[in-house]
Amino acid sequence: TSQLKTIQIGDIYINVEVANTNEARSKGLSNRTSLKENNGMVFIFGENTKPTFWMKDTKIPLDIIWINDNKIVLINKNVEPEPNTNDVDLKRYPAPSEIDYVLEVNAGFSDKNNITAGSTVQRLSDL
C-alpha cells in the first residue's frame, strides 16, 4: 500500500491513502475486507470535475464525501456493497457538483464524528 498521508476535518485526523492516477482511482478501496477506523482514501481530481463513483468489487460499506475548494459539498452516507451485481446494474453515485477531491471512509464515520456538508477539510494541499 502507498504511504499514508493525513488530512484533518475539524479536530479529527484521518490517515489516507492517495489515489491520484486513473488506475488508483479506478481500483479505489475495492476488494478490501476492512478499513481501520480513522483511515480512508482520498481521490484527487482536476478542477471542475464531476466524476461518478460506484461500489464495484467493494466489500465494505462506506461514506463517500465530496469535496470542492476544501469544503464538503455532500456526503453519501452508508453506501452499501453490491457484491454480486453486473456492472450495468451497479448503483451510480454522481458528483453533486464540480469537485476536486473525494474522501472515502468507513460507513458511519461522518455521523460519529459530526462531519457534515460545509465542514472544512484541511491539509489537502499536502497530499
# chains A, B, ... in the order shown; residues from 1 in each chain; ligands from 1

call {"tool": "closest_atom_pairs", "arguments": {"of": "stretch 52-79 of chain A", "to": "stretch 28-44 of chain A", "cutoff": "12 Å", "atoms": "only C-alpha atoms", "output": "Markdown table"}}
result
| residue | atom | partner | partner_atom | distance |
| --- | --- | --- | --- | --- |
| A:Thr52 | CA | A:Phe43 | CA | 11.9 |
| A:Phe53 | CA | A:Gly28 | CA | 9.7 |
| A:Trp54 | CA | A:Gly28 | CA | 10.0 |
| A:Met55 | CA | A:Ser30 | CA | 7.6 |
| A:Lys56 | CA | A:Ser30 | CA | 6.8 |
| A:Asp57 | CA | A:Ser30 | CA | 5.0 |
| A:Thr58 | CA | A:Ser30 | CA | 4.2 |
| A:Lys59 | CA | A:Thr33 | CA | 5.8 |
| A:Ile60 | CA | A:Thr33 | CA | 6.3 |
| A:Pro61 | CA | A:Ser34 | CA | 9.5 |
| A:Leu62 | CA | A:Gly40 | CA | 9.4 |
| A:Asp63 | CA | A:Gly40 | CA | 9.7 |
| A:Ile64 | CA | A:Met41 | CA | 9.9 |
| A:Ile65 | CA | A:Val42 | CA | 9.3 |
| A:Trp66 | CA | A:Phe43 | CA | 9.8 |
| A:Ile67 | CA | A:Val42 | CA | 9.9 |
| A:Asn68 | CA | A:Ile44 | CA | 10.7 |

call {"tool": "closest_atom_pairs", "arguments": {"of": "stretch 93-125 of chain A", "to": "stretch 75-80 of chain A", "cutoff": "9 Å", "atoms": "only C-alpha atoms", "output": "CSV"}}
result
residue,atom,partner,partner_atom,distance
A:Tyr93,CA,A:Asn76,CA,8.0
A:Asn106,CA,A:Asn78,CA,8.1
A:Ala107,CA,A:Asn78,CA,4.6
A:Gly108,CA,A:Asn78,CA,6.3
A:Phe109,CA,A:Lys77,CA,8.8
A:Ser110,CA,A:Lys77,CA,7.6
A:Asp111,CA,A:Lys77,CA,8.5
A:Ile115,CA,A:Ile75,CA,8.9
A:Thr116,CA,A:Ile75,CA,7.2
A:Ala117,CA,A:Ile75,CA,6.7

call {"tool": "closest_residue", "arguments": {"among": "A:Asp89, A:Leu74, A:Lys50, A:Ile14", "to": "A:Asn113", "atoms": "only C-alpha atoms"}}
result
A:Ile14

call {"tool": "residues_around", "arguments": {"residues": "A:Gly10", "least_positions_apart": "2", "cutoff": "12 Å", "atoms": "only C-alpha atoms", "output": "PyMOL selection string"}}
result
chain A and resi 7-8+12-14+70-72+110+113-116+118-123

call {"tool": "closest_residue", "arguments": {"among": "A:Pro83, A:Asp11, A:Glu17, A:Lys5", "to": "A:Val105", "atoms": "only C-alpha atoms"}}
result
A:Glu17

call {"tool": "select_by_dssp", "arguments": {"residues": "chain A", "states": "strand (DSSP E)", "output": "MDAnalysis selection string"}}
result
chainID A and resid 5:9 12:19 39:49 52:53 62:68 71:79 93:94 99:106 121:122

call {"tool": "select_by_dssp", "arguments": {"residues": "chain A", "states": "alpha helix (DSSP H)", "output": "VMD selection string"}}
result
chain A and resid 22 to 27 109 to 112

call {"tool": "write_last_selection", "arguments": {"atoms": "N, CA, C and O atoms", "output": "JSON list (two decimals), in the first residue's frame"}}
result
[["chain", "number", "residue", "atom", "x", "y", "z"],
["A", 22, "ASN", "N", -5.30, 7.36, -12.75],
["A", 22, "ASN", "CA", -6.53, 6.72, -13.21],
["A", 22, "ASN", "C", -6.64, 5.30, -12.67],
["A", 22, "ASN", "O", -7.72, 4.87, -12.26],
["A", 23, "GLU", "N", -5.53, 4.59, -12.66],
["A", 23, "GLU", "CA", -5.55, 3.21, -12.17],
["A", 23, "GLU", "C", -5.92, 3.15, -10.69],
["A", 23, "GLU", "O", -6.77, 2.36, -10.28],
["A", 24, "ALA", "N", -5.30, 4.02, -9.90],
["A", 24, "ALA", "CA", -5.58, 4.02, -8.46],
["A", 24, "ALA", "C", -7.02, 4.46, -8.19],
["A", 24, "ALA", "O", -7.69, 3.90, -7.32],
["A", 25, "ARG", "N", -7.50, 5.46, -8.95],
["A", 25, "ARG", "CA", -8.89, 5.91, -8.74],
["A", 25, "ARG", "C", -9.87, 4.83, -9.14],
["A", 25, "ARG", "O", -10.90, 4.64, -8.50],
["A", 26, "SER", "N", -9.55, 4.11, -10.20],
["A", 26, "SER", "CA", -10.44, 3.04, -10.66],
["A", 26, "SER", "C", -10.49, 1.91, -9.64],
["A", 26, "SER", "O", -11.55, 1.35, -9.36],
["A", 27, "LYS", "N", -9.36, 1.56, -9.06],
["A", 27, "LYS", "CA", -9.30, 0.47, -8.08],
["A", 27, "LYS", "C", -9.93, 0.90, -6.75],
["A", 27, "LYS", "O", -10.69, 0.14, -6.14],
["A", 109, "PHE", "N", -18.75, 6.88, 9.76],
["A", 109, "PHE", "CA", -17.67, 7.73, 10.26],
["A", 109, "PHE", "C", -18.11, 9.20, 10.31],
["A", 109, "PHE", "O", -17.82, 9.91, 11.27],
["A", 110, "SER", "N", -18.82, 9.64, 9.29],
["A", 110, "SER", "CA", -19.25, 11.05, 9.23],
["A", 110, "SER", "C", -20.16, 11.38, 10.40],
["A", 110, "SER", "O", -19.96, 12.38, 11.10],
["A", 111, "ASP", "N", -21.18, 10.53, 10.61],
["A", 111, "ASP", "CA", -22.11, 10.78, 11.71],
["A", 111, "ASP", "C", -21.41, 10.71, 13.06],
["A", 111, "ASP", "O", -21.62, 11.56, 13.93],
["A", 112, "LYS", "N", -20.56, 9.71, 13.23],
["A", 112, "LYS", "CA", -19.88, 9.53, 14.51],
["A", 112, "LYS", "C", -19.02, 10.74, 14.87],
["A", 112, "LYS", "O", -18.89, 11.10, 16.04]]

call {"tool": "residues_around", "arguments": {"residues": "A:Asn48", "least_positions_apart": "2", "cutoff": "9 Å", "atoms": "only C-alpha atoms", "output": "MDAnalysis selection string"}}
result
chainID A and resid 45:46 50 68 97:100

call {"tool": "write_last_selection", "arguments": {"atoms": "N, CA, C and O atoms", "output": "PDB file, in the first residue's frame"}}
result
ATOM      1  N   PHE A  45      -8.777  14.739  -8.089  1.00  0.00           N
ATOM      2  CA  PHE A  45      -9.234  15.020  -9.451  1.00  0.00           C
ATOM      3  C   PHE A  45      -8.757  16.411  -9.856  1.00  0.00           C
ATOM      4  O   PHE A  45      -8.404  17.223  -9.005  1.00  0.00           O
ATOM      5  N   GLY A  46      -8.789  16.673 -11.147  1.00  0.00           N
ATOM      6  CA  GLY A  46      -8.508  18.026 -11.606  1.00  0.00           C
ATOM      7  C   GLY A  46      -9.651  18.940 -11.212  1.00  0.00           C
ATOM      8  O   GLY A  46     -10.704  18.487 -10.756  1.00  0.00           O
ATOM      9  N   LYS A  50     -16.606  16.276 -12.540  1.00  0.00           N
ATOM     10  CA  LYS A  50     -17.823  15.693 -11.967  1.00  0.00           C
ATOM     11  C   LYS A  50     -17.794  14.188 -12.167  1.00  0.00           C
ATOM     12  O   LYS A  50     -18.511  13.648 -13.008  1.00  0.00           O
ATOM     13  N   ASN A  68     -14.997  20.194  -2.524  1.00  0.00           N
ATOM     14  CA  ASN A  68     -14.565  21.194  -3.507  1.00  0.00           C
ATOM     15  C   ASN A  68     -14.061  22.421  -2.758  1.00  0.00           C
ATOM     16  O   ASN A  68     -14.699  22.877  -1.806  1.00  0.00           O
ATOM     17  N   SER A  97     -21.877  18.216  -7.751  1.00  0.00           N
ATOM     18  CA  SER A  97     -21.478  19.453  -8.429  1.00  0.00           C
ATOM     19  C   SER A  97     -20.011  19.245  -8.790  1.00  0.00           C
ATOM     20  O   SER A  97     -19.469  18.162  -8.584  1.00  0.00           O
ATOM     21  N   GLU A  98     -19.367  20.274  -9.308  1.00  0.00           N
ATOM     22  CA  GLU A  98     -17.947  20.125  -9.608  1.00  0.00           C
ATOM     23  C   GLU A  98     -17.172  19.946  -8.302  1.00  0.00           C
ATOM     24  O   GLU A  98     -17.419  20.651  -7.323  1.00  0.00           O
ATOM     25  N   ILE A  99     -16.259  18.990  -8.301  1.00  0.00           N
ATOM     26  CA  ILE A  99     -15.471  18.698  -7.094  1.00  0.00           C
ATOM     27  C   ILE A  99     -14.012  18.546  -7.487  1.00  0.00           C
ATOM     28  O   ILE A  99     -13.686  18.389  -8.663  1.00  0.00           O
ATOM     29  N   ASP A 100     -13.122  18.610  -6.502  1.00  0.00           N
ATOM     30  CA  ASP A 100     -11.719  18.329  -6.794  1.00  0.00           C
ATOM     31  C   ASP A 100     -11.147  17.186  -5.962  1.00  0.00           C
ATOM     32  O   ASP A 100     -10.086  16.675  -6.272  1.00  0.00           O
TER      33      ASP A 100
END

call {"tool": "atom_distance", "arguments": {"atom1": "atom CA of A:Pro96", "atom2": "atom CA of A:Val18"}}
result
21.4 Å
